[in-house]
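Colleague: Take this structure first; my questions come after.
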Amino acid sequence: MAQFLTLSRAARLVGVTRGALQRKIKDGEFETFEGMVSADDLLRAYPQTRLEDDALLERLTQLKEGAYAKRLRERLLPSPEVLAVRLADIGRELGEARGELARYRSVNAEFDARLEALADRFGGEIGVLLRGLRDELRQQLSRAPEGAEHHPMVVRDSFMRVMVAHVHLLPSRHEFFVEGSDTLLESALRAGLALNYGCSNGNCGQCRARVVSGQVKKVRNYDYVLSEAEKANGTVLLCAHTAVTDLVIVAPAAGSGREIPLQQIATRVKTVQHLAPDLALLHLQTPRTRRLRFLAGQYVTLQAGGAAAVDYPVASCPCDDRNLQFHVHRMPDNPFADLVLAGLKPGDTVNVLGPRGEFALREVTANTQVFIAWDTGFAPIKSLIEHAMALSEAESLHLYWLAAPGRGHYLSNLCRSWADALDNFYYTPVELPESAAEEPSQLQETLERVVRDHPVLRDVDVYVAGAPALLEVARNVLVARGLPAEQLVLGYPR
């Protein structure tokens, strides 16, 4: 009997994105059954892949040998109580499978005996045919594969179920995994999902969700009081509970920037890293109980000291909502940038108001995602890329970074590290003179290169951030070459 796995489980087992599997399904390499893929098809397509259970075992070995083994083990491994429940759940399934197998064997033995009795009774040609049928069945059963529990992909999936829990989110149909004793909220944010939450500390109740099926466990204390009706229908706080078993939960997720409330937070400077004489990476850290909820690509207003407030796009991933990064470029009439580059020190206060803006990833698709940044337009693009990596949905990611020679590609090493680490990430730095804004032909030539690299534009989502001249040329060139207008998302680095 064929064994089927959900697309998310299958992708995690073989270490590829969901988009890569979706592409194989679209190309006819895989057949699906109710949205699931066959374990046999998966094993044939990825026979030599470094599989998840091997990676986990290696990580466990490293934990035993590491100087911080205890702390890391607590991060990776579920608690003994959670492990016991998961093992009992798998044991129960194994017992049911063995019971069903015993029943099939009993039915087969009875059927075999009846065929033998009928052959003796009728004799002659009919008897020969009946014995032939019996012998054929015996042969087929002797050649049958071992039980489902011995299928290599099913074995690996069973191991993964012991180590991590799989969560199916309604109504959005997103999925994510919970490792160790991480809370449901932490795991969802790490997976790139924009769930509702406020304090993330068990006080506000904004991260309430209803458990439809599965079992959760409280891992953090909280002060918010759930009503008796909420408790009765399975409502829990995502910031205070972890998954014991696989879950189905109902929790709203933001689909656009308009759905995220404006927040005002006093943050502290963690570091100011000078990337060039007139450019710095400002790293702010929020209080543990007041994290900034935002979508990748959005911007906030920053204010410090006596300097006027200025808008900047967040250059970091929403999956790490406490650590916020900004690329601050010295510009005329911008005292805040002067303050950052010359005066801000670790521990200083910077007030953050936001988020705002609709420059965000489109509803999750398996399309190739192309990112085009000009100069410090890389800041919001970086946030989008890190978010896309967390979602692990796109078949591939391709960054084109347009900048002047010299300091222009100020984080090029980071981009190259992404390309080195990920099989599906590509980085193309493009040098353009400062005069390119007044010479659209140079911008058009670069965008024509994008079209040559990705000729089937209907299968591509394009995100562009930079000066208005780039946005205008991108709209004219890419849409004219066949990119659906709704698959072009434009943003301006404020």
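Every chain in the structure tokens takes a letter, A first, then B, and so on in the order presented; its residues are numbered from 1, and the ligands are numbered from 1 following the presented order.
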Which stretch 395-469 of chain A residues have any atom within 10 Å of an atom of stretch 9-17 of chain A, and for each, what is the nearest pair of atoms with distance in Å to one decimal, counting only C-alpha atoms, rows sorted by chain and number, as CSV?

Modeller:
residue,atom,partner,partner_atom,distance
A:Glu395,CA,A:Thr17,CA,6.6
A:Ser396,CA,A:Thr17,CA,8.8
A:Leu422,CA,A:Val16,CA,9.9
A:Asp423,CA,A:Val16,CA,9.1
A:Asn424,CA,A:Thr17,CA,8.8

Colleague: I need the chosen residues saved as a compact mmCIF listing (two decimals), in the first residue's frame, with N, CA and C atoms.

Modeller:
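Written file, again.txt:
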# COMPACT_ATOMS: atom_id res chain seq x y z
N GLU A 395 10.44 28.42 -5.36
CA GLU A 395 11.35 27.46 -5.98
C GLU A 395 12.77 27.99 -5.96
N SER A 396 12.94 29.29 -6.25
CA SER A 396 14.28 29.88 -6.21
C SER A 396 14.16 31.38 -5.94
N LEU A 422 22.84 28.31 0.09
CA LEU A 422 21.54 27.85 -0.41
C LEU A 422 21.64 27.47 -1.89
N ASP A 423 21.15 26.31 -2.22
CA ASP A 423 21.18 25.86 -3.61
C ASP A 423 20.24 26.65 -4.50
N ASN A 424 19.22 27.28 -3.90
CA ASN A 424 18.21 27.94 -4.72
C ASN A 424 18.29 29.47 -4.64

Colleague: Using DSSP on the backbone coordinates, identify all residues within stretch 282-492 of chain A classified as alpha helix (DSSP H); present the result as a short mmCIF file (atom, residue, chain, number, x, y, z; two decimals) with N, CA and C atoms, in the first residue's frame.

Modeller:
data_model
loop_
_atom_site.label_atom_id
_atom_site.label_comp_id
_atom_site.auth_asym_id
_atom_site.auth_seq_id
_atom_site.Cartn_x
_atom_site.Cartn_y
_atom_site.Cartn_z
N PRO A 335 19.52 65.27 10.16
CA PRO A 335 20.29 65.26 11.42
C PRO A 335 20.30 63.90 12.09
N PHE A 336 19.25 63.09 11.91
CA PHE A 336 19.22 61.78 12.54
C PHE A 336 20.37 60.92 12.01
N ALA A 337 20.60 60.95 10.67
CA ALA A 337 21.70 60.18 10.10
C ALA A 337 23.04 60.67 10.64
N ASP A 338 23.18 61.99 10.77
CA ASP A 338 24.42 62.53 11.34
C ASP A 338 24.63 62.03 12.77
N LEU A 339 23.53 61.96 13.53
CA LEU A 339 23.61 61.49 14.91
C LEU A 339 24.04 60.03 14.96
N VAL A 340 23.47 59.22 14.10
CA VAL A 340 23.81 57.79 14.08
C VAL A 340 25.27 57.60 13.71
N LEU A 341 25.72 58.31 12.69
CA LEU A 341 27.08 58.12 12.18
C LEU A 341 28.14 58.71 13.10
N ALA A 342 27.76 59.68 13.92
CA ALA A 342 28.78 60.36 14.72
C ALA A 342 28.57 60.29 16.22
N PHE A 378 18.41 48.16 -0.98
CA PHE A 378 18.69 46.81 -0.52
C PHE A 378 18.12 46.55 0.88
N ALA A 379 17.92 47.61 1.67
CA ALA A 379 17.44 47.43 3.06
C ALA A 379 16.10 46.71 3.10
N PRO A 380 15.03 47.23 2.46
CA PRO A 380 13.76 46.49 2.50
C PRO A 380 13.83 45.19 1.73
N ILE A 381 14.66 45.13 0.67
CA ILE A 381 14.81 43.89 -0.09
C ILE A 381 15.44 42.81 0.78
N LYS A 382 16.41 43.18 1.60
CA LYS A 382 17.04 42.22 2.51
C LYS A 382 15.99 41.62 3.45
N SER A 383 15.12 42.47 3.97
CA SER A 383 14.06 41.98 4.85
C SER A 383 13.15 41.00 4.12
N LEU A 384 12.78 41.32 2.88
CA LEU A 384 11.93 40.43 2.09
C LEU A 384 12.63 39.09 1.83
N ILE A 385 13.91 39.14 1.49
CA ILE A 385 14.65 37.91 1.19
C ILE A 385 14.72 37.02 2.42
N GLU A 386 15.05 37.59 3.57
CA GLU A 386 15.13 36.78 4.78
C GLU A 386 13.77 36.20 5.15
N HIS A 387 12.72 36.96 4.89
CA HIS A 387 11.37 36.45 5.14
C HIS A 387 11.05 35.31 4.18
N ALA A 388 11.40 35.48 2.90
CA ALA A 388 11.17 34.42 1.91
C ALA A 388 11.93 33.15 2.26
N MET A 389 13.15 33.31 2.76
CA MET A 389 13.93 32.15 3.19
C MET A 389 13.22 31.43 4.33
N ALA A 390 12.65 32.20 5.27
CA ALA A 390 11.96 31.59 6.40
C ALA A 390 10.72 30.83 5.94
N LEU A 391 10.00 31.38 4.96
CA LEU A 391 8.80 30.72 4.46
C LEU A 391 9.13 29.45 3.69
N SER A 412 27.84 42.96 0.30
CA SER A 412 27.98 41.95 -0.75
C SER A 412 28.41 40.60 -0.18
N ASN A 413 29.23 40.62 0.86
CA ASN A 413 29.67 39.35 1.45
C ASN A 413 28.49 38.56 2.02
N LEU A 414 27.53 39.28 2.60
CA LEU A 414 26.33 38.61 3.11
C LEU A 414 25.58 37.94 1.97
N CYS A 415 25.42 38.65 0.87
CA CYS A 415 24.70 38.09 -0.29
C CYS A 415 25.42 36.87 -0.85
N ARG A 416 26.75 36.94 -0.90
CA ARG A 416 27.50 35.79 -1.39
C ARG A 416 27.37 34.61 -0.44
N SER A 417 27.28 34.88 0.86
CA SER A 417 27.13 33.78 1.82
C SER A 417 25.79 33.10 1.63
N TRP A 418 24.75 33.87 1.30
CA TRP A 418 23.45 33.25 1.00
C TRP A 418 23.57 32.33 -0.21
N ALA A 419 24.23 32.83 -1.24
CA ALA A 419 24.38 32.04 -2.47
C ALA A 419 25.20 30.78 -2.21
N ASP A 420 26.22 30.88 -1.35
CA ASP A 420 27.04 29.71 -1.04
C ASP A 420 26.27 28.68 -0.21
N ALA A 421 25.42 29.17 0.69
CA ALA A 421 24.74 28.28 1.62
C ALA A 421 23.48 27.64 1.05
N PRO A 440 17.91 56.50 -18.24
CA PRO A 440 17.08 55.30 -18.12
C PRO A 440 17.55 54.13 -18.98
N SER A 441 18.31 54.43 -20.04
CA SER A 441 18.74 53.34 -20.92
C SER A 441 19.62 52.34 -20.17
N GLN A 442 20.44 52.83 -19.21
CA GLN A 442 21.29 51.94 -18.44
C GLN A 442 20.45 51.04 -17.52
N LEU A 443 19.42 51.61 -16.94
CA LEU A 443 18.52 50.81 -16.11
C LEU A 443 17.76 49.80 -16.96
N GLN A 444 17.34 50.23 -18.14
CA GLN A 444 16.59 49.33 -19.02
C GLN A 444 17.45 48.14 -19.43
N GLU A 445 18.73 48.37 -19.68
CA GLU A 445 19.62 47.29 -20.06
C GLU A 445 19.73 46.24 -18.95
N THR A 446 19.79 46.71 -17.70
CA THR A 446 19.84 45.77 -16.58
C THR A 446 18.55 44.96 -16.48
N LEU A 447 17.42 45.61 -16.67
CA LEU A 447 16.14 44.90 -16.57
C LEU A 447 15.94 43.93 -17.72
N GLU A 448 16.49 44.26 -18.88
CA GLU A 448 16.45 43.31 -20.00
C GLU A 448 17.25 42.06 -19.64
N ARG A 449 18.30 42.23 -18.87
CA ARG A 449 19.08 41.07 -18.42
C ARG A 449 18.24 40.19 -17.52
N VAL A 450 17.44 40.79 -16.65
CA VAL A 450 16.53 40.03 -15.79
C VAL A 450 15.58 39.20 -16.64
N VAL A 451 15.06 39.80 -17.70
CA VAL A 451 14.13 39.09 -18.59
C VAL A 451 14.83 37.92 -19.27
N ARG A 452 16.07 38.11 -19.69
CA ARG A 452 16.81 37.02 -20.32
C ARG A 452 17.04 35.87 -19.33
N ASP A 453 17.32 36.22 -18.08
CA ASP A 453 17.56 35.19 -17.06
C ASP A 453 16.29 34.45 -16.69
N PRO A 468 12.87 56.43 -7.67
CA PRO A 468 11.70 56.43 -8.55
C PRO A 468 12.01 56.09 -10.00
N ALA A 469 13.19 56.49 -10.48
CA ALA A 469 13.54 56.21 -11.88
C ALA A 469 13.57 54.71 -12.14
N LEU A 470 14.11 53.94 -11.19
CA LEU A 470 14.17 52.48 -11.35
C LEU A 470 12.76 51.89 -11.34
N LEU A 471 11.91 52.38 -10.45
CA LEU A 471 10.56 51.84 -10.37
C LEU A 471 9.80 52.06 -11.67
N GLU A 472 9.97 53.24 -12.25
CA GLU A 472 9.25 53.55 -13.50
C GLU A 472 9.75 52.67 -14.64
N VAL A 473 11.06 52.53 -14.76
CA VAL A 473 11.61 51.70 -15.84
C VAL A 473 11.22 50.24 -15.63
N ALA A 474 11.24 49.78 -14.40
CA ALA A 474 10.87 48.39 -14.12
C ALA A 474 9.43 48.12 -14.54
N ARG A 475 8.54 49.04 -14.20
CA ARG A 475 7.14 48.86 -14.59
C ARG A 475 7.00 48.82 -16.11
N ASN A 476 7.68 49.71 -16.80
CA ASN A 476 7.55 49.77 -18.26
C ASN A 476 8.14 48.54 -18.94
N VAL A 477 9.32 48.12 -18.51
CA VAL A 477 10.02 47.04 -19.19
C VAL A 477 9.42 45.68 -18.85
N LEU A 478 9.27 45.38 -17.59
CA LEU A 478 8.88 44.03 -17.19
C LEU A 478 7.44 43.70 -17.58
N VAL A 479 6.54 44.62 -17.38
CA VAL A 479 5.14 44.36 -17.76
C VAL A 479 5.02 44.24 -19.27
N ALA A 480 5.78 45.06 -20.00
CA ALA A 480 5.74 44.97 -21.47
C ALA A 480 6.29 43.64 -21.96
#

Colleague: Just the number, please: distance in Å from atom CA of A:Ala97 to atom CA of A:Val37, one decimal.

Modeller: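 Pair atom CA of A:Ala97 / atom CA of A:Val37 returns 20.4 Å.
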
Colleague: To one decimal in Å, tell me the separation between atom CA of A:Cys319 and atom CA of A:Arg362.

Modeller: 17.0 Å

Colleague: Which one of A:Ala394, A:Leu281, A:Val162, A:Val272 sits closest to A:Leu21 if you count only C-alpha atoms?

Modeller: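 With only C-alpha atoms as the atom set, the closest residue is A:Ala394.
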
Colleague: Can you list, as a ChimeraX atom specification, every residue of stretch 217-327 of chain A that DSSP puts in strand (DSSP E)?

Modeller: /A:217-218,235-237,241-243,247-250,263-276,279-285,299-303,310-313,323-327

Colleague: Keeping only N, CA and C atoms, write the selected residues as a compact mmCIF listing (two decimals), in the first residue's frame.

Modeller:
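That gives us selection.txt:
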# COMPACT_ATOMS: atom_id res chain seq x y z
N LYS A 217 1.11 21.96 25.54
CA LYS A 217 1.63 21.95 26.91
C LYS A 217 2.09 23.35 27.26
N LYS A 218 1.72 23.82 28.43
CA LYS A 218 2.16 25.14 28.87
C LYS A 218 3.64 25.08 29.24
N THR A 235 -9.14 27.21 23.56
CA THR A 235 -8.33 28.40 23.32
C THR A 235 -7.08 28.41 24.22
N VAL A 236 -5.94 28.73 23.64
CA VAL A 236 -4.67 28.82 24.37
C VAL A 236 -3.93 30.07 23.92
N LEU A 237 -2.90 30.44 24.66
CA LEU A 237 -2.01 31.53 24.25
C LEU A 237 -0.81 30.92 23.53
N HIS A 241 2.53 28.30 25.11
CA HIS A 241 2.34 26.85 24.92
C HIS A 241 3.21 26.32 23.78
N THR A 242 3.59 25.07 23.92
CA THR A 242 4.29 24.36 22.84
C THR A 242 3.42 23.20 22.37
N ALA A 243 3.81 22.61 21.26
CA ALA A 243 3.06 21.48 20.71
C ALA A 243 3.59 20.18 21.28
N LEU A 247 -0.58 19.36 15.44
CA LEU A 247 -1.73 20.21 15.78
C LEU A 247 -2.45 20.74 14.55
N VAL A 248 -3.72 21.02 14.72
CA VAL A 248 -4.48 21.89 13.83
C VAL A 248 -5.01 23.01 14.71
N ILE A 249 -4.65 24.26 14.38
CA ILE A 249 -5.10 25.39 15.20
C ILE A 249 -5.74 26.45 14.32
N VAL A 250 -6.64 27.20 14.91
CA VAL A 250 -7.28 28.33 14.24
C VAL A 250 -6.70 29.61 14.83
N GLN A 263 2.56 50.82 16.39
CA GLN A 263 3.14 50.60 17.70
C GLN A 263 4.20 51.65 17.98
N GLN A 264 4.32 52.05 19.22
CA GLN A 264 5.36 53.01 19.63
C GLN A 264 6.20 52.34 20.71
N ILE A 265 7.50 52.18 20.44
CA ILE A 265 8.38 51.43 21.34
C ILE A 265 9.68 52.21 21.55
N ALA A 266 10.10 52.31 22.78
CA ALA A 266 11.41 52.88 23.10
C ALA A 266 12.44 51.75 23.06
N THR A 267 13.32 51.79 22.06
CA THR A 267 14.33 50.74 21.90
C THR A 267 15.69 51.25 22.36
N ARG A 268 16.63 50.31 22.48
CA ARG A 268 18.00 50.65 22.85
C ARG A 268 18.94 50.32 21.70
N VAL A 269 19.95 51.14 21.53
CA VAL A 269 20.97 50.86 20.52
C VAL A 269 21.81 49.69 21.00
N LYS A 270 21.91 48.66 20.18
CA LYS A 270 22.80 47.55 20.50
C LYS A 270 24.17 47.76 19.87
N THR A 271 24.20 48.07 18.57
CA THR A 271 25.47 48.38 17.91
C THR A 271 25.22 49.38 16.78
N VAL A 272 26.27 50.09 16.44
CA VAL A 272 26.31 50.91 15.22
C VAL A 272 27.54 50.46 14.44
N GLN A 273 27.32 49.81 13.32
CA GLN A 273 28.42 49.26 12.52
C GLN A 273 28.61 50.12 11.28
N HIS A 274 29.78 50.69 11.13
CA HIS A 274 30.05 51.55 9.98
C HIS A 274 30.41 50.68 8.77
N LEU A 275 29.56 50.74 7.76
CA LEU A 275 29.77 49.96 6.53
C LEU A 275 30.55 50.76 5.50
N ALA A 276 30.53 52.07 5.62
CA ALA A 276 31.25 52.99 4.73
C ALA A 276 31.32 54.33 5.45
N LEU A 279 27.79 55.56 5.69
CA LEU A 279 26.73 54.56 5.80
C LEU A 279 26.97 53.68 7.03
N ALA A 280 25.90 53.46 7.80
CA ALA A 280 26.02 52.64 9.01
C ALA A 280 24.85 51.69 9.12
N LEU A 281 25.12 50.54 9.75
CA LEU A 281 24.07 49.58 10.07
C LEU A 281 23.69 49.80 11.53
N LEU A 282 22.49 50.30 11.75
CA LEU A 282 21.99 50.58 13.10
C LEU A 282 21.19 49.38 13.60
N HIS A 283 21.65 48.79 14.70
CA HIS A 283 20.99 47.62 15.30
C HIS A 283 20.31 48.06 16.59
N LEU A 284 18.99 48.01 16.59
CA LEU A 284 18.20 48.37 17.76
C LEU A 284 17.61 47.11 18.37
N GLN A 285 17.39 47.16 19.68
CA GLN A 285 16.79 46.02 20.37
C GLN A 285 15.61 46.52 21.20
N TYR A 299 8.23 50.02 6.73
CA TYR A 299 9.13 51.02 7.29
C TYR A 299 8.56 51.56 8.60
N VAL A 300 9.45 52.18 9.38
CA VAL A 300 9.06 52.79 10.65
C VAL A 300 9.65 54.19 10.73
N THR A 301 9.21 54.95 11.72
CA THR A 301 9.76 56.28 11.98
C THR A 301 10.70 56.18 13.18
N LEU A 302 11.93 56.68 13.01
CA LEU A 302 12.95 56.65 14.07
C LEU A 302 13.21 58.07 14.58
N GLN A 303 13.39 58.19 15.90
CA GLN A 303 13.70 59.49 16.48
C GLN A 303 14.60 59.29 17.68
N VAL A 310 12.71 60.51 11.32
CA VAL A 310 12.95 60.14 9.92
C VAL A 310 12.42 58.73 9.68
N ASP A 311 11.89 58.50 8.49
CA ASP A 311 11.39 57.17 8.12
C ASP A 311 12.51 56.31 7.54
N TYR A 312 12.57 55.04 7.99
CA TYR A 312 13.53 54.08 7.45
C TYR A 312 12.86 52.72 7.29
N PRO A 313 13.17 52.00 6.21
CA PRO A 313 12.66 50.63 6.09
C PRO A 313 13.41 49.71 7.04
N ASN A 323 15.13 42.20 17.43
CA ASN A 323 16.34 42.81 16.89
C ASN A 323 16.03 43.44 15.55
N LEU A 324 16.11 44.77 15.50
CA LEU A 324 15.73 45.53 14.32
C LEU A 324 16.97 46.18 13.70
N GLN A 325 17.10 46.06 12.39
CA GLN A 325 18.25 46.64 11.70
C GLN A 325 17.80 47.69 10.70
N PHE A 326 18.65 48.73 10.54
CA PHE A 326 18.36 49.82 9.61
C PHE A 326 19.67 50.22 8.93
N HIS A 327 19.60 50.56 7.65
CA HIS A 327 20.75 51.03 6.90
C HIS A 327 20.64 52.55 6.80

Colleague: When you look at stretch 103-109 of chain A with a cut-off of 12 Å (counting only C-alpha atoms), what residues show up, excluding the ones that are within fewer than 5 positions of it in the same chain? I need them as JSON, numbers by chain.

Modeller: {"A": [96, 97, 98, 114, 115, 116, 134, 137, 138, 141]}

Colleague: Please report the interatomic distance between atom CA of A:Leu184 and atom CA of A:Val167 in Å with one decimal.

Modeller: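 Separation of atom CA of A:Leu184 and atom CA of A:Val167: 8.7 Å.
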
Colleague: Nearest residue to A:Tyr410 out of A:Ala88, A:Cys207, A:Cys239, A:Val328, using only C-alpha atoms?

Modeller: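 Nearest to A:Tyr410: A:Val328.
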
Colleague: Which residue, A:Leu5, A:Leu488, A:Ser172, A:Pro318, has the smallest gap to A:Glu31 when you use only C-alpha atoms?

Modeller: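 Using only C-alpha atoms, A:Glu31 sits closest to A:Leu5.
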
Colleague: My list of candidates is A:Ala113, A:Ala240, A:Ala251, A:Leu129. Which is closest to A:Leu170 when distances are computed with only C-alpha atoms?

Modeller: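 Among A:Ala113, A:Ala240, A:Ala251, A:Leu129, it is A:Ala251 that comes nearest to A:Leu170.
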
Colleague: Tell me which of A:Cys199, A:Leu101, A:Leu397, A:Val489 sits closest to A:His454, counting only C-alpha atoms.

Modeller: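 Counting only C-alpha atoms, the residue closest to A:His454 is A:Leu397.
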
Colleague: Using only C-alpha atoms, pick whichever of A:Thr245, A:Gln487, A:Thr368, A:Thr289 has the shortest atom-to-atom distance to A:Phe177.

Modeller: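 For A:Phe177, the nearest of the candidates is A:Thr245.
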